Structure formats: structure tokens, C-alpha cells
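Next comes entry-v7.cif, a file with mmCIF, C-alpha atoms.
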data_protein
loop_
_atom_site.label_atom_id
_atom_site.label_comp_id
_atom_site.auth_asym_id
_atom_site.auth_seq_id
_atom_site.Cartn_x
_atom_site.Cartn_y
_atom_site.Cartn_z
CA MET A 1 102.24 99.35 69.48
CA PRO A 2 99.92 97.81 72.10
CA SER A 3 101.09 97.74 75.67
CA SER A 4 99.75 96.77 79.05
CA THR A 5 100.91 97.13 82.64
CA GLN A 6 100.13 94.97 85.65
CA THR A 7 101.74 94.48 89.01
CA SER A 8 103.06 91.03 89.80
CA PRO A 9 103.26 90.31 93.54
CA SER A 10 104.48 86.78 92.80
CA ALA A 11 107.20 87.90 90.41
CA PRO A 12 110.87 87.65 91.41
CA ALA A 13 111.77 90.06 94.16
CA ALA A 14 112.97 93.46 93.01
CA PRO A 15 116.42 94.62 94.04
CA ALA A 16 116.51 96.78 97.15
CA PRO A 17 115.47 100.33 96.22
CA PRO A 18 118.11 103.04 96.64
CA TRP A 19 115.76 105.38 98.51
CA PRO A 20 115.86 105.44 102.32
CA GLY A 21 112.57 104.60 104.01
CA THR A 22 111.19 102.52 101.12
CA ARG A 23 111.03 98.79 100.50
CA ALA A 24 110.73 96.63 97.42
CA ASP A 25 107.37 94.97 96.73
CA GLY A 26 107.78 92.76 93.68
CA MET A 27 107.76 93.79 90.07
CA ALA A 28 105.28 95.35 87.66
CA GLY A 29 105.05 93.90 84.18
CA LEU A 30 104.84 96.16 81.15
CA GLU A 31 104.18 94.52 77.80
CA ILE A 32 105.15 96.45 74.67
CA GLY A 33 104.83 94.89 71.24
CA GLY A 34 104.82 91.39 72.67
CA THR A 35 107.90 91.94 74.83
CA ARG A 36 107.50 91.98 78.60
CA HIS A 37 109.53 94.33 80.76
CA GLU A 38 109.85 94.13 84.53
CA LEU A 39 109.78 97.35 86.60
CA PRO A 40 110.33 97.42 90.36
CA VAL A 41 107.49 98.34 92.69
CA ILE A 42 108.46 100.26 95.85
CA VAL A 43 106.43 101.04 98.96
CA GLY A 44 106.80 104.00 101.31
CA THR A 45 106.41 103.97 105.08
CA GLU A 46 102.71 104.89 104.87
CA GLY A 47 101.92 102.22 102.28
CA GLU A 48 102.08 104.41 99.18
CA ARG A 49 103.10 102.28 96.19
CA ALA A 50 104.97 103.38 93.09
CA ILE A 51 106.41 101.84 89.96
CA ASP A 52 110.07 102.72 89.52
CA ILE A 53 110.48 103.76 85.88
CA ALA A 54 114.05 105.06 86.19
CA LYS A 55 115.28 102.49 83.63
CA LEU A 56 112.19 102.53 81.40
CA ARG A 57 113.76 104.54 78.57
CA SER A 58 117.01 102.59 78.55
CA GLN A 59 115.09 99.29 78.44
CA THR A 60 112.32 100.21 76.02
CA GLY A 61 113.16 103.49 74.29
CA LEU A 62 109.91 104.92 75.69
CA ILE A 63 109.10 107.61 78.23
CA THR A 64 105.94 108.26 80.23
CA LEU A 65 103.75 111.26 79.45
CA ASP A 66 102.04 112.93 82.41
CA GLU A 67 100.93 116.53 81.90
CA GLY A 68 101.37 118.47 85.12
CA TYR A 69 103.09 115.46 86.75
CA VAL A 70 99.84 114.60 88.54
CA ASN A 71 100.67 110.86 88.52
CA THR A 72 104.44 111.17 88.68
CA GLY A 73 106.51 110.93 91.84
CA SER A 74 109.57 113.12 91.37
CA THR A 75 111.27 111.97 94.55
CA THR A 76 110.90 110.23 97.88
CA SER A 77 110.66 112.47 100.91
CA ALA A 78 110.59 112.05 104.67
CA ILE A 79 109.26 115.54 105.42
CA THR A 80 105.49 115.64 104.96
CA PHE A 81 102.80 112.97 104.67
CA LEU A 82 99.54 113.99 103.04
CA ASP A 83 96.46 111.81 102.52
CA GLY A 84 93.89 113.83 100.62
CA GLU A 85 91.17 111.19 100.83
CA GLN A 86 91.38 110.95 104.63
CA GLY A 87 92.19 114.62 105.26
CA ILE A 88 95.53 113.85 106.95
CA LEU A 89 98.55 116.18 107.09
CA ARG A 90 101.65 115.38 109.14
CA TYR A 91 105.04 117.08 109.41
CA ARG A 92 107.83 114.58 110.15
CA GLY A 93 105.18 112.20 111.50
CA TYR A 94 103.42 114.72 113.77
CA PRO A 95 99.76 115.57 113.00
CA ILE A 96 99.29 119.20 111.99
CA GLU A 97 96.59 119.52 114.67
CA VAL A 98 99.05 118.60 117.44
CA LEU A 99 101.78 120.92 116.19
CA ALA A 100 99.40 123.85 115.82
CA GLU A 101 98.21 123.37 119.40
CA LYS A 102 101.53 122.73 121.14
CA CYS A 103 104.22 124.52 119.10
CA ASP A 104 104.90 127.94 117.67
CA PHE A 105 106.09 128.54 114.12
CA VAL A 106 109.80 128.67 114.99
CA GLU A 107 109.64 125.28 116.68
CA VAL A 108 107.81 123.80 113.69
CA ALA A 109 110.41 125.33 111.36
CA TYR A 110 113.15 123.60 113.37
CA LEU A 111 111.27 120.29 113.13
CA LEU A 112 110.90 120.52 109.35
CA ILE A 113 114.48 121.54 108.70
CA TYR A 114 116.33 119.34 111.20
CA GLY A 115 113.94 116.37 111.28
CA GLN A 116 113.32 116.29 115.04
CA LEU A 117 111.60 118.46 117.61
CA PRO A 118 114.27 120.54 119.40
CA THR A 119 115.34 120.29 122.99
CA THR A 120 114.96 123.37 125.17
CA GLU A 121 118.60 124.28 124.57
CA GLU A 122 118.40 123.70 120.81
CA LEU A 123 115.25 125.78 120.47
CA HIS A 124 116.75 128.63 122.53
CA ALA A 125 119.88 128.64 120.36
CA PHE A 126 117.74 128.57 117.20
CA ARG A 127 115.56 131.47 118.33
CA SER A 128 118.62 133.45 119.38
CA SER A 129 120.31 132.92 116.01
CA LEU A 130 117.19 134.01 114.10
CA SER A 131 116.77 137.13 116.23
CA HIS A 132 120.35 138.19 115.47
CA HIS A 133 119.96 137.79 111.71
CA THR A 134 116.78 139.84 111.29
CA MET A 135 118.36 142.97 109.81
CA ILE A 136 119.17 143.12 106.13
CA HIS A 137 122.30 144.82 104.81
CA GLU A 138 121.79 148.57 104.95
CA ASP A 139 122.55 148.92 101.25
CA MET A 140 119.63 146.62 100.47
CA ARG A 141 117.22 149.16 101.94
CA SER A 142 118.02 151.38 98.96
CA PHE A 143 116.55 148.71 96.66
CA TYR A 144 113.09 149.60 97.85
CA GLY A 145 113.45 153.15 96.60
CA ALA A 146 114.03 151.85 93.07
CA PHE A 147 110.79 149.86 92.88
CA PRO A 148 107.61 151.58 91.67
CA ARG A 149 105.27 152.43 94.51
CA ASP A 150 102.60 150.11 93.12
CA ALA A 151 105.02 147.17 92.69
CA HIS A 152 103.49 143.92 93.92
CA PRO A 153 105.10 142.82 97.21
CA MET A 154 105.74 139.34 95.77
CA ALA A 155 107.80 140.85 92.95
CA ILE A 156 109.81 142.78 95.53
CA ALA A 157 110.21 139.79 97.85
CA GLY A 158 111.42 137.49 95.07
CA SER A 159 113.88 140.10 93.79
CA VAL A 160 115.35 140.96 97.19
CA VAL A 161 115.66 137.30 98.26
CA GLY A 162 117.54 136.56 95.04
CA ALA A 163 119.79 139.56 95.73
CA LEU A 164 120.78 138.13 99.12
CA SER A 165 123.25 135.96 97.23
CA THR A 166 125.15 139.11 96.22
CA PHE A 167 125.36 140.45 99.78
CA TYR A 168 126.10 137.20 101.59
CA GLN A 169 128.64 135.51 99.36
CA ASP A 170 130.24 133.82 102.36
CA SER A 171 127.42 131.24 102.55
CA LEU A 172 126.72 130.13 98.97
CA ASP A 173 128.57 126.80 98.81
CA VAL A 174 125.85 124.15 98.64
CA ARG A 175 128.35 121.43 99.64
CA ASP A 176 129.48 123.13 102.85
CA PRO A 177 127.04 122.22 105.68
CA ARG A 178 128.10 125.18 107.79
CA GLN A 179 127.52 127.68 104.96
CA VAL A 180 124.16 126.08 104.22
CA GLU A 181 123.11 126.42 107.87
CA VAL A 182 124.10 130.09 107.92
CA SER A 183 122.04 130.69 104.78
CA VAL A 184 119.08 128.86 106.33
CA HIS A 185 119.14 131.04 109.45
CA ARG A 186 119.60 134.21 107.41
CA LEU A 187 116.64 133.43 105.18
CA LEU A 188 114.29 132.54 108.03
CA ALA A 189 115.28 135.69 109.92
CA LYS A 190 115.34 138.15 107.03
CA LEU A 191 112.28 137.19 105.00
CA PRO A 192 109.86 138.83 107.51
CA THR A 193 111.95 142.01 107.29
CA ILE A 194 112.00 141.86 103.49
CA ALA A 195 108.25 141.23 103.44
CA ALA A 196 107.37 144.03 105.87
CA TYR A 197 109.55 146.49 103.94
CA SER A 198 107.71 145.65 100.73
CA HIS A 199 104.47 146.72 102.40
CA LYS A 200 105.97 149.90 103.81
CA LYS A 201 107.18 150.79 100.33
CA SER A 202 103.66 150.44 98.90
CA CYS A 203 102.08 152.73 101.49
CA GLY A 204 104.86 155.31 101.65
CA GLN A 205 105.73 154.78 105.30
CA PRO A 206 109.26 154.62 106.78
CA LEU A 207 110.93 151.22 106.97
CA MET A 208 110.91 149.95 110.54
CA TYR A 209 113.96 148.14 111.87
CA PRO A 210 113.31 144.71 113.40
CA ARG A 211 113.16 144.35 117.17
CA ASN A 212 115.02 141.40 118.61
CA ASP A 213 113.10 141.53 121.89
CA LEU A 214 109.91 140.44 120.14
CA SER A 215 108.88 136.96 119.02
CA TYR A 216 109.04 135.97 115.36
CA CYS A 217 105.41 136.89 114.61
CA GLU A 218 105.33 139.89 116.94
CA ASN A 219 108.41 141.30 115.23
CA PHE A 220 106.86 140.94 111.78
CA LEU A 221 103.58 142.58 112.80
CA HIS A 222 105.52 145.42 114.45
CA MET A 223 107.56 146.04 111.30
CA LEU A 224 104.38 145.85 109.22
CA PHE A 225 102.19 148.24 111.20
CA ALA A 226 104.36 150.41 113.47
CA VAL A 227 105.52 153.93 112.62
CA PRO A 228 108.34 155.90 114.28
CA CYS A 229 106.12 158.67 115.63
CA GLU A 230 104.10 156.59 118.08
CA GLU A 231 104.16 153.39 120.08
CA TYR A 232 102.59 150.32 118.54
CA ARG A 233 101.48 147.35 120.61
CA VAL A 234 101.00 144.05 118.85
CA ASP A 235 97.60 142.46 119.48
CA PRO A 236 98.22 139.00 121.03
CA ASP A 237 95.24 137.56 119.14
CA PHE A 238 96.81 138.74 115.88
CA THR A 239 100.09 137.14 116.90
CA GLU A 240 98.36 133.85 117.68
CA ALA A 241 96.44 133.93 114.41
CA LEU A 242 99.54 134.65 112.33
CA ASP A 243 101.55 131.97 114.13
CA THR A 244 98.91 129.33 113.37
CA LEU A 245 98.59 130.43 109.75
CA LEU A 246 102.34 130.17 109.23
CA ILE A 247 102.34 126.68 110.78
CA VAL A 248 99.56 125.32 108.55
CA HIS A 249 101.32 126.73 105.48
CA ALA A 250 104.80 125.51 106.45
CA ASP A 251 104.88 122.55 104.06
CA HIS A 252 102.54 120.68 101.75
CA GLU A 253 104.51 117.96 100.01
CA GLN A 254 105.53 118.26 96.32
CA ASN A 255 103.43 121.26 95.29
CA CYS A 256 104.28 123.68 92.49
CA SER A 257 106.57 126.02 94.45
CA THR A 258 108.29 123.24 96.42
CA SER A 259 108.95 121.33 93.21
CA THR A 260 110.33 124.55 91.74
CA VAL A 261 112.74 124.98 94.67
CA ARG A 262 113.88 121.38 94.23
CA MET A 263 114.25 121.71 90.46
CA VAL A 264 116.29 124.92 90.64
CA GLY A 265 118.31 123.55 93.54
CA SER A 266 119.07 120.37 91.60
CA SER A 267 121.41 122.42 89.40
CA ASP A 268 123.35 123.28 92.60
CA ALA A 269 121.99 126.82 92.55
CA ASN A 270 122.48 128.40 95.97
CA LEU A 271 119.69 128.45 98.54
CA PHE A 272 118.84 132.14 98.03
CA ALA A 273 118.38 131.66 94.27
CA SER A 274 116.32 128.50 94.77
CA ILE A 275 113.99 130.15 97.29
CA SER A 276 113.59 133.20 95.03
CA ALA A 277 112.38 130.83 92.31
CA GLY A 278 109.93 129.27 94.77
CA ILE A 279 108.52 132.69 95.62
CA SER A 280 107.91 133.33 91.92
CA ALA A 281 106.08 130.01 91.57
CA LEU A 282 103.99 130.71 94.66
CA TRP A 283 102.85 134.05 93.24
CA GLY A 284 100.44 132.43 90.78
CA PRO A 285 96.70 132.72 91.55
CA LEU A 286 96.32 128.94 91.19
CA HIS A 287 98.84 128.41 93.99
CA GLY A 288 99.75 130.89 96.73
CA GLY A 289 97.73 133.68 95.20
CA ALA A 290 94.49 131.79 95.81
CA ASN A 291 93.75 133.55 99.11
CA GLN A 292 94.12 136.93 97.41
CA ALA A 293 91.85 135.72 94.61
CA CYS A 294 89.32 134.62 97.24
CA VAL A 295 89.10 138.06 98.83
CA GLU A 296 88.88 139.71 95.42
CA MET A 297 85.95 137.38 94.63
CA LEU A 298 84.24 138.40 97.88
CA GLU A 299 84.79 142.06 97.01
CA ARG A 300 83.20 141.46 93.61
CA ILE A 301 80.10 139.95 95.24
CA VAL A 302 79.87 142.87 97.68
CA ALA A 303 80.20 145.39 94.85
CA ASP A 304 77.40 143.62 92.97
CA GLY A 305 74.94 144.07 95.82
CA GLY A 306 75.90 141.10 97.97
CA ASP A 307 73.61 138.59 96.25
CA VAL A 308 75.24 135.35 97.40
CA LYS A 309 72.58 133.12 95.79
CA LYS A 310 73.29 134.67 92.38
CA TYR A 311 76.97 133.72 92.54
CA VAL A 312 76.34 130.29 94.02
CA ASP A 313 74.01 129.60 91.09
CA LEU A 314 76.64 130.89 88.67
CA ALA A 315 79.23 128.57 90.22
CA LYS A 316 76.94 125.61 89.56
CA LYS A 317 76.70 126.44 85.84
CA LYS A 318 79.61 125.00 83.89
CA ASP A 319 79.39 127.59 81.12
CA SER A 320 79.07 130.66 83.39
CA GLY A 321 82.81 131.30 83.52
CA PHE A 322 82.52 132.07 87.25
CA ARG A 323 84.36 130.01 89.82
CA LEU A 324 83.98 130.20 93.58
CA MET A 325 87.50 130.71 94.92
CA GLY A 326 88.43 129.17 98.28
CA PHE A 327 86.35 126.01 97.98
CA GLY A 328 87.60 122.49 97.34
CA HIS A 329 91.21 121.44 96.85
CA ARG A 330 93.12 119.59 94.16
CA VAL A 331 94.60 117.16 96.68
CA TYR A 332 92.07 117.02 99.52
CA LYS A 333 88.92 115.05 98.73
CA ASN A 334 87.81 115.56 102.29
CA TYR A 335 87.73 118.57 104.59
CA ASP A 336 91.12 120.29 104.50
CA PRO A 337 92.58 119.67 107.99
CA ARG A 338 94.27 123.07 107.87
CA ALA A 339 90.92 124.76 107.25
CA LYS A 340 89.48 123.09 110.35
CA LEU A 341 92.31 124.57 112.42
CA ILE A 342 92.00 128.14 111.26
CA LYS A 343 88.19 128.30 111.05
CA SER A 344 88.03 128.79 114.84
CA ILE A 345 90.62 131.58 114.58
CA CYS A 346 88.59 133.19 111.82
CA ASP A 347 85.42 133.07 113.93
CA LYS A 348 87.29 134.48 116.96
CA LEU A 349 88.73 137.46 115.07
CA LEU A 350 85.46 138.28 113.33
CA ALA A 351 83.71 138.32 116.70
CA LYS A 352 86.44 140.55 118.15
CA ILE A 353 86.84 143.31 115.59
CA ALA A 354 84.61 146.32 116.13
CA ARG A 355 84.25 147.52 112.55
CA HIS A 356 81.58 146.18 110.23
CA ASP A 357 82.78 144.85 106.92
CA PRO A 358 80.16 143.53 104.47
CA LEU A 359 82.80 141.22 103.04
CA PHE A 360 82.77 139.21 106.27
CA ASP A 361 78.99 138.80 106.01
CA ILE A 362 79.35 137.46 102.47
CA ALA A 363 82.10 135.08 103.57
CA GLN A 364 79.96 133.66 106.36
CA GLN A 365 76.98 133.23 104.03
CA LEU A 366 79.14 131.38 101.49
CA GLU A 367 80.53 129.18 104.24
CA GLU A 368 77.02 128.24 105.36
CA VAL A 369 76.03 127.38 101.78
CA ALA A 370 79.12 125.22 101.20
CA LEU A 371 78.52 123.25 104.38
CA ALA A 372 74.78 122.69 103.75
CA ASP A 373 74.16 122.69 99.97
CA ASP A 374 74.04 119.19 98.44
CA TYR A 375 75.88 120.43 95.31
CA PHE A 376 78.92 121.37 97.39
CA ILE A 377 78.69 118.40 99.76
CA GLU A 378 78.49 115.81 96.95
CA ARG A 379 81.51 117.36 95.23
CA LYS A 380 83.36 117.84 98.53
CA LEU A 381 83.73 121.56 97.85
CA TYR A 382 84.40 122.52 101.45
CA PRO A 383 85.89 125.88 102.43
CA ASN A 384 89.65 125.47 102.21
CA VAL A 385 92.65 127.09 103.87
CA ASP A 386 92.73 129.91 101.30
CA PHE A 387 89.14 130.90 102.09
CA TYR A 388 89.71 131.29 105.81
CA SER A 389 93.24 132.69 105.64
CA GLY A 390 92.16 135.47 103.28
CA VAL A 391 89.35 136.49 105.63
CA ILE A 392 91.70 136.35 108.66
CA TYR A 393 94.34 138.53 107.00
CA ARG A 394 91.69 141.08 106.08
CA ALA A 395 90.36 141.07 109.65
CA MET A 396 93.90 141.80 110.86
CA GLY A 397 94.13 144.79 108.52
CA ILE A 398 96.74 143.22 106.26
CA PRO A 399 96.48 144.50 102.65
CA VAL A 400 95.33 141.95 100.10
CA GLN A 401 98.56 142.18 98.08
CA MET A 402 100.49 141.00 101.16
CA PHE A 403 98.54 137.75 101.50
CA THR A 404 100.80 135.72 99.22
CA VAL A 405 103.92 137.16 100.85
CA LEU A 406 102.68 135.81 104.18
CA PHE A 407 102.14 132.46 102.49
CA ALA A 408 105.79 132.57 101.40
CA MET A 409 106.90 133.32 104.97
CA GLY A 410 105.00 130.27 106.16
CA ARG A 411 106.19 127.97 103.38
CA LEU A 412 109.85 128.96 103.76
CA PRO A 413 110.80 126.19 106.27
CA GLY A 414 109.27 123.57 103.98
CA TRP A 415 111.15 124.87 100.95
CA ILE A 416 114.38 124.86 102.92
CA ALA A 417 113.77 121.35 104.26
CA HIS A 418 113.15 119.98 100.76
CA TRP A 419 116.19 121.76 99.34
CA ILE A 420 118.40 120.25 102.06
CA GLU A 421 116.82 116.80 101.73
CA MET A 422 117.43 116.82 97.98
CA HIS A 423 121.10 117.71 98.40
CA GLN A 424 121.56 114.98 101.01
CA SER A 425 119.92 112.33 98.85
CA PRO A 426 122.27 109.64 97.47
CA THR A 427 120.10 109.54 94.31
CA LYS A 428 120.22 113.31 93.57
CA LYS A 429 120.22 114.20 89.88
CA ILE A 430 119.73 117.47 88.05
CA CYS A 431 116.04 117.66 87.08
CA ARG A 432 115.61 117.22 83.36
CA PRO A 433 112.08 116.14 82.29
CA ARG A 434 111.56 114.55 78.88
CA GLN A 435 108.92 115.50 76.31
CA VAL A 436 107.03 114.07 73.35
CA TYR A 437 107.73 116.34 70.39
CA SER A 438 104.60 117.40 68.47
CA GLY A 439 105.94 120.08 66.11
CA GLU A 440 106.85 120.21 62.42
CA ASN A 441 108.94 117.53 60.73
CA LEU A 442 112.17 118.42 58.92
CA ARG A 443 111.54 121.56 56.88
CA GLU A 444 113.40 123.09 53.94
CA PHE A 445 114.67 126.61 54.57
CA VAL A 446 113.19 129.24 52.20
CA PRO A 447 115.18 132.47 51.66
CA ILE A 448 113.31 135.60 52.73
CA ASN A 449 112.96 136.96 49.17
CA GLN A 450 111.13 133.74 48.16
CA ARG A 451 108.60 133.65 51.00
CA GLY A 452 105.13 134.45 49.77
#
Using C-alpha cells, write down the structure that the file contains.
Amino acid sequence: MPSSTQTSPSAPAAPAPPWPGTRADGMAGLEIGGTRHELPVIVGTEGERAIDIAKLRSQTGLITLDEGYVNTGSTTSAITFLDGEQGILRYRGYPIEVLAEKCDFVEVAYLLIYGQLPTTEELHAFRSSLSHHTMIHEDMRSFYGAFPRDAHPMAIAGSVVGALSTFYQDSLDVRDPRQVEVSVHRLLAKLPTIAAYSHKKSCGQPLMYPRNDLSYCENFLHMLFAVPCEEYRVDPDFTEALDTLLIVHADHEQNCSTSTVRMVGSSDANLFASISAGISALWGPLHGGANQACVEMLERIVADGGDVKKYVDLAKKKDSGFRLMGFGHRVYKNYDPRAKLIKSICDKLLAKIARHDPLFDIAQQLEEVALADDYFIERKLYPNVDFYSGVIYRAMGIPVQMFTVLFAMGRLPGWIAHWIEMHQSPTKKICRPRQVYSGENLREFVPINQRG
């Protein structure tokens, strides 16, 4: 059944699209078996164009097939604009470079969730609320004793976040704005505590209570590294580095984990359950686990004698089975703007720390190759945010298994913002993708005593 698609700027105007912030831009023609079908074309505020196929199946009996949804827009969103070709990333219209320079993570979280930068009074109230929600229910501390000592912190974090819905049943109604706001503040405040406790469990140290006199990042680092028997002072350079890393990870459009949060939330699952699902999606080495995979790659090179050229050559061979982690990006076809921001932090921390770590030498050699070698330049395989963030976390003394948990802490405001935006959308539907069946046709049942 031959078909063809073309946009028709001169075609009759499409009806006004139901999505806020978009406009109609004519119709696209789709010809199937000699019959022409008209599909609306919509345009977003940054000029992105899309064909609205919402009525395609009802009009034609057909669906689209797009493995991995790489060409499919699941929604419209006013939260984050990303242009991979130009290397642009903006939260609510503000360039990531400006926010990283002028704001801290809590202020950026407010922007993502509420849509506007806060006033002085609003930001003070927001900080105060977060600082008073940092403790988790005392009974939840006993959960950590039930996990194996070698349990991955992401498994612990996802489990405990999901369990919040059993301890805070007074804020689970997704249709009550006040209950939603309470859940939002609880999650933002408690995830650092949950994350730090997962590390303490793995190293056998006592769980440290949060300190409300410290900033968001200072409090987390204190819970992560302090012990009851001596005073611990948080390094201000570590605080600055962590704050910037959380900001650059705070949102990244419709990625795997964000789409998971939206999909689970579309069933009206509560916020805690939806975020727990997002944490599970983020755990994968192709997503949030990429910075951990990057450091493990560097450790492999160090263990093999530190021959950087050997592994660069392997990366260039398609059949070698070796892949350089931390270079290039599925979306960015230019230098990742987030990587530019944290490269200077990486250089600063490496220059500051007194101990010698051969892994840092390997990382710097790989960086030099990627920025000078024609193979990498032609393919735009620049060092990405995972490459630098993994090195920074190691320089701070954060265990490699905690890297993805820190990613989750950073991405939390974005997940929350998307969950809220989805519920406020007039076009919200439960997510239910279609498929093209490729299995057996109708089969005759054979009794077990007749199967050969």
C-alpha cells in the first residue's frame, strides 16, 4: 500500500491546536492507497515543527512505528528547550550558563517547578520549607538495616522513595494542589537524606541526621562524609562543584527517565511512585549510569598500564567491541553546553587536590585526544557531561556507586516539573503506546501428551 507525506503550506488552515504555546501552520498531506489525508502541522515557540497524528488511526486505520520514539513527540512542554545542533540548553527560557553563574540549585529547582524565578521572599520561604522537611520518618531508618551491605545505592534510593507513599499518606491525592506541593517539598528535602544514608549503609558508618543550618549541598555533603566522633567541615569548593553539577543535571527535556515519570504519572500514580520509577530508569548505564561507566572505563585503562593510544585505537575500530564512555551525545551534535560549564570546575578540583591519582592523568590525556584528533572532531565526539562529572565526583572522594544517585538528586526538580505540567495539561491522557504485532498467527492448541 504505497503512501507519501508532504507538508502543504498553502493548504487550508488547520484548526487551532489544543496545546498552549503552539500555533497551527497549515496541513501535511499523507497519501495512502490513492486516498489523501490531511494532518495538522503545529509549531512551537522556538520554531520546532511537528505533524499532529492524534487522529491518524481513526482516519486511516494505521499507526506510526518509531522504535525508541526518536522521531516521536510525546507531548508539548514549556520547561526546557534543547537544540542539539547549536549546543543550546535553556530552563524556562534562561540559558543554562546564566543560571549556573547566578543561581544556586534550590533557586533553579524553584524556577523549574513554579515556572518563574522566585522573589526574595518566595525563595526564603522555599528554602525554609525544604530545611524543615529534611528528616525522614524514624521508622524508615530501619529499612537500611534490611538491605545487604553491598546493595547498590540506586536500588536503595528507588525503594525508599517509593516507600515514602506509605509514610506520608496525607499528600498522595494528585488532584489536590496543596497535597501535591507538600509532596514536592518533601521529596526535594528528603532525597539527599535518603541518598546519603544509602552510602552510609554501604560503608558501615552511622547514619547522620541532616542539619538545617547548612545549605542544600552543604547538608548533603555533611551527611555523606561526617561521622559522630569528630567535626567535619564541608569544603566550599566541593559545595560549589556539587551545586553546579546538580544545576546542569536538573532537566534535559523528554529523556528516558523523564518520560518514565510522565508515563507512570499519567495513570494518576502519586508523585512518590512516579519519581521512584524515574530513579529506576535513570539507573541504566546508557542513561544516568553513564558517568559511573566512564570512571570504570578509566579504571580499566589504568589497570592495563595506562596506554591511552591503545584504547583510542580500539575505539576507532568498529569490530573491537570497545567504546569510549563519556564522549559524544545522542542529542548534542555540538559541544555539550553542560560540559563546558563543568570542565572549569573539573580543572580547578584536579589542581587543588593533593593526592595523585593515575585515573586523572588518563582522563586528561583522553580529553586532549578528543579535542585534537580528527576522528573525534569529525564525528563531534567531544567530552560530555558524564565524562567531567565522573572525574569531579571521584576528585571529591564520592564513591563510584553514588554517582547515579547524585544524578537523581539533580534531575529531581525536572521530574517534578514534568509530572506537574502533565497533570495540568488540558490534553492529558494515560500513556498507551501502540505496537505492530510480529508474532505467530492463530495456532491450534496441542494437548501436552501429543507434543513431540
Specify as a ChimeraX atom specification each residue included when the PyMOL selection byres ((chain A and resi 395-402) around 8) is applied to this file.
/A:152-154,199,238,292,295,349-350,353,390-394,403-406
Name the residues in contact with stretch 45-59 of chain A at a cut-off of 9 Å, using only C-alpha atoms, excluding same-chain residues fewer than 5 positions from it; report them as a list in words.
Thr7, Pro17, Gly21, Thr22, Arg23, Asp25, Met27, Ala28, His37, Leu39, Pro40, Thr64, Thr72, Gly73 and Phe81 of chain A
Kindly indicate which residue among A:Pro236, A:Pro177, A:Pro358, A:Gly204 lies nearest to A:Glu218, using only C-alpha atoms for the distances.
A:Pro236
Which residues come within 8 Å of stretch 415-418 of chain A, counting all atoms listed in the file, excluding same-chain residues fewer than 4 positions away, as a PyMOL selection string?
chain A and resi 77+79+112-114+184+251+258+261-262+271+275+278+411+422
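Closest approach to A:Phe272 from the set A:Pro413, A:Gly87, A:Gly162, A:Pro118 is made by A:Gly162, with distances taken over all atoms listed in the file.
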Could you spell out the hits of the PyMOL selection byres ((chain A and resi 209) around 9) on the shown file, as a PyMOL selection string?
chain A and resi 134-135+193+207-208+210-211+223
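Of the listed residues (A:Val106, A:Leu246, A:Val385, A:Cys294), A:Val385 comes nearest to A:Leu341; the distances count all atoms listed in the file.
Taking atom CA of A:Thr80 and atom CA of A:Asp243 as endpoints, the distance between them is 19.1 Å.
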Could you spell out the hits of the PyMOL selection byres ((chain A and resi 315) around 12) on the shown file, as a PyMOL selection string?
chain A and resi 297+308-314+316-325+327+366+370+375-376+381
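Atom to atom, atom CA of A:Glu421 and atom CA of A:Ala78 stand 8.4 Å apart.
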Pick from A:Leu214, A:Ile63, A:Leu164, A:Cys431 nearest to A:Leu130, counting only C-alpha atoms
A:Leu214
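For the pair atom CA of A:Leu191 and atom CA of A:Tyr216, the separation is 10.9 Å.
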Long-range neighbours of A:Lys380 as a PDB file with C-alpha atoms, in the frame of the given file, 10 Å cut-off, all atoms listed in the file, 3 positions minimum in chain:
ATOM      1  CA  PHE A 327      86.350 126.010  97.980  1.00  0.00           C
ATOM      2  CA  GLY A 328      87.600 122.490  97.340  1.00  0.00           C
ATOM      3  CA  HIS A 329      91.210 121.440  96.850  1.00  0.00           C
ATOM      4  CA  TYR A 332      92.070 117.020  99.520  1.00  0.00           C
ATOM      5  CA  LYS A 333      88.920 115.050  98.730  1.00  0.00           C
ATOM      6  CA  ASN A 334      87.810 115.560 102.290  1.00  0.00           C
ATOM      7  CA  TYR A 335      87.730 118.570 104.590  1.00  0.00           C
ATOM      8  CA  ALA A 370      79.120 125.220 101.200  1.00  0.00           C
ATOM      9  CA  LEU A 371      78.520 123.250 104.380  1.00  0.00           C
ATOM     10  CA  ASP A 374      74.040 119.190  98.440  1.00  0.00           C
ATOM     11  CA  TYR A 375      75.880 120.430  95.310  1.00  0.00           C
ATOM     12  CA  PHE A 376      78.920 121.370  97.390  1.00  0.00           C
ATOM     13  CA  ILE A 377      78.690 118.400  99.760  1.00  0.00           C
ATOM     14  CA  PRO A 383      85.890 125.880 102.430  1.00  0.00           C
TER      15      PRO A 383
END
Please provide as an MDAnalysis selection string all residues within 12 Å of A:Ala351, with the sequence filter that same-chain residues fewer than 6 positions apart are discarded (counting only C-alpha atoms).
chainID A and resid 237 344:345 357 360:361 364 392 395
If you keep C-alpha atoms, can you produce a file of those selected residues as a compact mmCIF listing (two decimals), in the frame of the given file?
# COMPACT_ATOMS: atom_id res chain seq x y z
CA ASP A 237 95.24 137.56 119.14
CA SER A 344 88.03 128.79 114.84
CA ILE A 345 90.62 131.58 114.58
CA ASP A 357 82.78 144.85 106.92
CA PHE A 360 82.77 139.21 106.27
CA ASP A 361 78.99 138.80 106.01
CA GLN A 364 79.96 133.66 106.36
CA ILE A 392 91.70 136.35 108.66
CA ALA A 395 90.36 141.07 109.65
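Neighbours of A:Leu245 closer than or equal to 8 Å, with all atoms listed in the file counted and sequence neighbours fewer than 6 positions away skipped, come out as Ile342, Ser389 and Gly410 of chain A.
Proximity ranking of A:Arg36, A:Ile88, A:Tyr144, A:Cys217 relative to A:Ala241 places A:Cys217 first, based on only C-alpha atoms.
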Identify which of the residues A:Ser259, A:Asn212, A:Asn384, A:Gln435 lies closest to A:Lys343, counting only C-alpha atoms when measuring atom-to-atom distances.
A:Asn384
Counting all atoms listed in the file, select every polymer residue within 10 Å of (116.1, 141.5, 98.7) as defined in the file's coordinates, and provide the selection as a PyMOL selection string.
chain A and resi 136-137+140-141+143-144+156-167+190-191+193-195+197-198+272+276
